[in-house]
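Note sheet for the following structure.
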Amino acid sequence: MTVVDWLSSPFALPFMQRPLIVMLVLAVALGLASVMVTLRSLQFVGDGLVHAVFPGIVIGFALGGREGLVPGGLIAAAIAAVAFTLLTRTALASDSAIAVVLTVMFGIGVIIVSRQSDYVGQLQELLFGRLLTVTDADVTLTVAIAAAATVAIIAVWRTQLFRAHDPLAARAAGHRVLATDLVLAVAVAVLIVAATAAVGNLLALGLLVVPGAAARLLTHRIGWMVAISIATGALAGYGGLLIGFRASVDYGIPLAGGASVITMLVVIYGIVLAASMLHRHGPRPTGRAEGEPSPTARTRPTPSVPEAAR
């Protein structure tokens, strides 16, 4: 078997093709959202949204099975996005308010799912997902949700960049800050629902936060940041699925698809972080100690004092 066959042959199987398509679609949409979440420092809000949509996902799953998961999550996502956007604009300490809401909502979700007969199995599927069991209908729904969310994020992109740089100036310039904040929050929330259906509720947070954080370590140019964020998610999706397949088939080590993807994502971030730290603290290009004058300064002749000034 050649290297190309080793890398590509698993994805000739339908049950591997569908998860790969889902992960690549989510990589594009969540990669774009992750950059904005990073620039706006909304990581904790993203965490709150992940936990807040959980009750809706649980209720949808309990009423309609896997087909009801996304509709229930979308309803909860819209409510949570509006609630968190308004909370962050109040005089309350936003972090404390978000922490209280996410704790309550997540607790409600666990209570609801605990009332089901197969409590452990259902909770595991909701929290960690079953990436390898996605159906054609799941792929279609994920593509539709990701496309709608991506269009919404692009529509408010310029205002959000302005807001990330200078919130007061954005308001003074007449931008509809509240409206664009709501659009961004709803888009992020529905993407979390789409990711939850694939990799589970808890692991969806990694797809939202890590790609943008990794890109921010490598560049400050927005275009490159978006490209790196998307590439990070795509590489994690492909690499995680490949490693999970090879470990299970070649070595008899069963690995969950979602967990493999998130592990790959964390490994990529670790490599980027290590490379960034080495570059930041590496040897100085001039090879001289701090405070030591440059060779040019040492050899530059002292200007002579004119005779008239002596």
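Letters A, B, ... go to the chains of the structure tokens in the order shown; residues in each chain start at 1; ligands are counted from 1 in the same order.
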If you count only C-alpha atoms, which residues fall within 6 Å of stretch 36-52 of chain A, apart from same-chain ones fewer than 2 positions away, as a list in words?
Ala33, Ser34, Phe54, Leu102, Met105, Phe106, Ala164 and Gly212 of chain A
Same residues, all heavy atoms, output as a PDB file, in the first residue's frame:
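The result, written out as result.pdb:
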```pdb
ATOM      1  N   ALA A  33     -16.238  31.885  11.948  1.00  0.00           N
ATOM      2  CA  ALA A  33     -16.798  32.337  13.223  1.00  0.00           C
ATOM      3  C   ALA A  33     -15.736  32.380  14.312  1.00  0.00           C
ATOM      4  O   ALA A  33     -15.742  33.275  15.163  1.00  0.00           O
ATOM      5  CB  ALA A  33     -17.934  31.410  13.639  1.00  0.00           C
ATOM      6  N   SER A  34     -14.808  31.425  14.284  1.00  0.00           N
ATOM      7  CA  SER A  34     -13.774  31.359  15.325  1.00  0.00           C
ATOM      8  C   SER A  34     -12.870  32.585  15.300  1.00  0.00           C
ATOM      9  O   SER A  34     -12.448  33.071  16.359  1.00  0.00           O
ATOM     10  CB  SER A  34     -12.942  30.083  15.141  1.00  0.00           C
ATOM     11  OG  SER A  34     -12.004  29.934  16.182  1.00  0.00           O
ATOM     12  N   PHE A  54     -27.977  23.173  25.170  1.00  0.00           N
ATOM     13  CA  PHE A  54     -28.083  21.764  25.538  1.00  0.00           C
ATOM     14  C   PHE A  54     -29.516  21.347  25.889  1.00  0.00           C
ATOM     15  O   PHE A  54     -29.977  20.280  25.443  1.00  0.00           O
ATOM     16  CB  PHE A  54     -27.125  21.454  26.690  1.00  0.00           C
ATOM     17  CG  PHE A  54     -27.026  19.995  27.038  1.00  0.00           C
ATOM     18  CD1 PHE A  54     -26.530  19.083  26.116  1.00  0.00           C
ATOM     19  CD2 PHE A  54     -27.429  19.531  28.277  1.00  0.00           C
ATOM     20  CE1 PHE A  54     -26.435  17.742  26.423  1.00  0.00           C
ATOM     21  CE2 PHE A  54     -27.339  18.196  28.595  1.00  0.00           C
ATOM     22  CZ  PHE A  54     -26.837  17.295  27.671  1.00  0.00           C
ATOM     23  N   LEU A 102     -25.377  29.594  32.033  1.00  0.00           N
ATOM     24  CA  LEU A 102     -24.921  28.348  31.415  1.00  0.00           C
ATOM     25  C   LEU A 102     -25.000  27.184  32.400  1.00  0.00           C
ATOM     26  O   LEU A 102     -25.314  26.049  32.021  1.00  0.00           O
ATOM     27  CB  LEU A 102     -23.512  28.503  30.847  1.00  0.00           C
ATOM     28  CG  LEU A 102     -22.299  28.592  31.768  1.00  0.00           C
ATOM     29  CD1 LEU A 102     -21.769  27.213  32.153  1.00  0.00           C
ATOM     30  CD2 LEU A 102     -21.177  29.379  31.068  1.00  0.00           C
ATOM     31  N   MET A 105     -28.796  26.244  32.659  1.00  0.00           N
ATOM     32  CA  MET A 105     -29.290  25.617  31.439  1.00  0.00           C
ATOM     33  C   MET A 105     -28.717  24.222  31.251  1.00  0.00           C
ATOM     34  O   MET A 105     -29.431  23.284  30.870  1.00  0.00           O
ATOM     35  CB  MET A 105     -28.955  26.501  30.232  1.00  0.00           C
ATOM     36  CG  MET A 105     -29.630  27.862  30.257  1.00  0.00           C
ATOM     37  SD  MET A 105     -31.425  27.764  30.197  1.00  0.00           S
ATOM     38  CE  MET A 105     -31.683  27.326  28.487  1.00  0.00           C
ATOM     39  N   PHE A 106     -27.429  24.069  31.526  1.00  0.00           N
ATOM     40  CA  PHE A 106     -26.816  22.758  31.370  1.00  0.00           C
ATOM     41  C   PHE A 106     -27.400  21.776  32.385  1.00  0.00           C
ATOM     42  O   PHE A 106     -27.637  20.606  32.073  1.00  0.00           O
ATOM     43  CB  PHE A 106     -25.300  22.867  31.539  1.00  0.00           C
ATOM     44  CG  PHE A 106     -24.560  21.632  31.103  1.00  0.00           C
ATOM     45  CD1 PHE A 106     -24.414  21.334  29.765  1.00  0.00           C
ATOM     46  CD2 PHE A 106     -23.998  20.774  32.035  1.00  0.00           C
ATOM     47  CE1 PHE A 106     -23.737  20.194  29.351  1.00  0.00           C
ATOM     48  CE2 PHE A 106     -23.310  19.642  31.639  1.00  0.00           C
ATOM     49  CZ  PHE A 106     -23.184  19.347  30.291  1.00  0.00           C
ATOM     50  N   ALA A 164     -14.648  45.304  17.100  1.00  0.00           N
ATOM     51  CA  ALA A 164     -13.547  44.669  17.824  1.00  0.00           C
ATOM     52  C   ALA A 164     -12.394  45.637  18.039  1.00  0.00           C
ATOM     53  O   ALA A 164     -11.718  45.600  19.073  1.00  0.00           O
ATOM     54  CB  ALA A 164     -13.063  43.435  17.053  1.00  0.00           C
ATOM     55  N   GLY A 212      -9.457  29.650  15.623  1.00  0.00           N
ATOM     56  CA  GLY A 212      -9.159  31.082  15.646  1.00  0.00           C
ATOM     57  C   GLY A 212      -8.014  31.414  16.577  1.00  0.00           C
ATOM     58  O   GLY A 212      -7.193  32.284  16.278  1.00  0.00           O
TER      59      GLY A 212
END
```
Write out as an NGL selection string each polymer residue whose atoms come within 8 Å of stretch 264-270 of chain A, counting only C-alpha atoms; drop sequence neighbours fewer than 6 positions from it.
:A and (206-207 or 210-211 or 214 or 232-233 or 236-237 or 239-240)
Create the file for the chosen residues now, containing C-alpha atoms and written as a PDB file, in the first residue's frame.
```
ATOM      1  CA  GLY A 206     -13.225  23.186  20.623  1.00  0.00           C
ATOM      2  CA  LEU A 207     -14.223  23.645  16.987  1.00  0.00           C
ATOM      3  CA  VAL A 210      -9.289  26.538  18.905  1.00  0.00           C
ATOM      4  CA  PRO A 211      -8.935  27.320  15.144  1.00  0.00           C
ATOM      5  CA  ALA A 214      -4.258  29.020  16.671  1.00  0.00           C
ATOM      6  CA  THR A 232      -6.794  24.137  11.060  1.00  0.00           C
ATOM      7  CA  GLY A 233     -10.357  22.868  11.343  1.00  0.00           C
ATOM      8  CA  ALA A 236      -8.174  18.338  12.350  1.00  0.00           C
ATOM      9  CA  GLY A 237     -11.290  16.837  10.756  1.00  0.00           C
ATOM     10  CA  GLY A 239      -6.531  13.848  10.434  1.00  0.00           C
ATOM     11  CA  GLY A 240      -8.833  12.865  13.291  1.00  0.00           C
TER      12      GLY A 240
END
```
What's the 8 Å shell around stretch 192-199 of chain A, counting only C-alpha atoms, without same-chain residues fewer than 4 positions away, as a PyMOL selection string?
chain A and resi 19+22+26+49-50+53+57+69-70+73-74+77+126-131+134+142+145-146+188+203-205+207-208+257-259
Kindly indicate which residue among A:Val183, A:Val156, A:Gly31, A:Pro10 lies nearest to A:Ser248, using only C-alpha atoms for the distances.
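Of the candidates, the smallest distance to A:Ser248 is held by A:Pro10.
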Per DSSP on the backbone, filter stretch 66-156 of chain A down to the residues in helix (DSSP H, G or I) and report them as an MDAnalysis selection string.
chainID A and resid 66:87 94:114 119:128 131:133 136:155
A:Ala81, A:Ala144, A:Leu184, A:Ala99 ranked by distance to A:Thr159, top pick (using only C-alpha atoms):
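Ranked by minimum distance to A:Thr159, first place goes to A:Leu184.
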For stretch 147-155 of chain A, please output as a count of residues only all residues within 6 Å (counting only C-alpha atoms; exclusion window: fewer than 4 positions along the same chain).
4
Restricting the calculation to only C-alpha atoms, which member of A:Thr263, A:Val190, A:Val110, A:Asp181 is positioned closest to A:Pro167?
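Among the listed residues, A:Asp181 lies closest to A:Pro167.
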In Å to one decimal, how far is atom CA of A:Ala170 from atom CA of A:Gly223?
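Result for atom CA of A:Gly223 versus atom CA of A:Ala170: 21.0 Å, one decimal.
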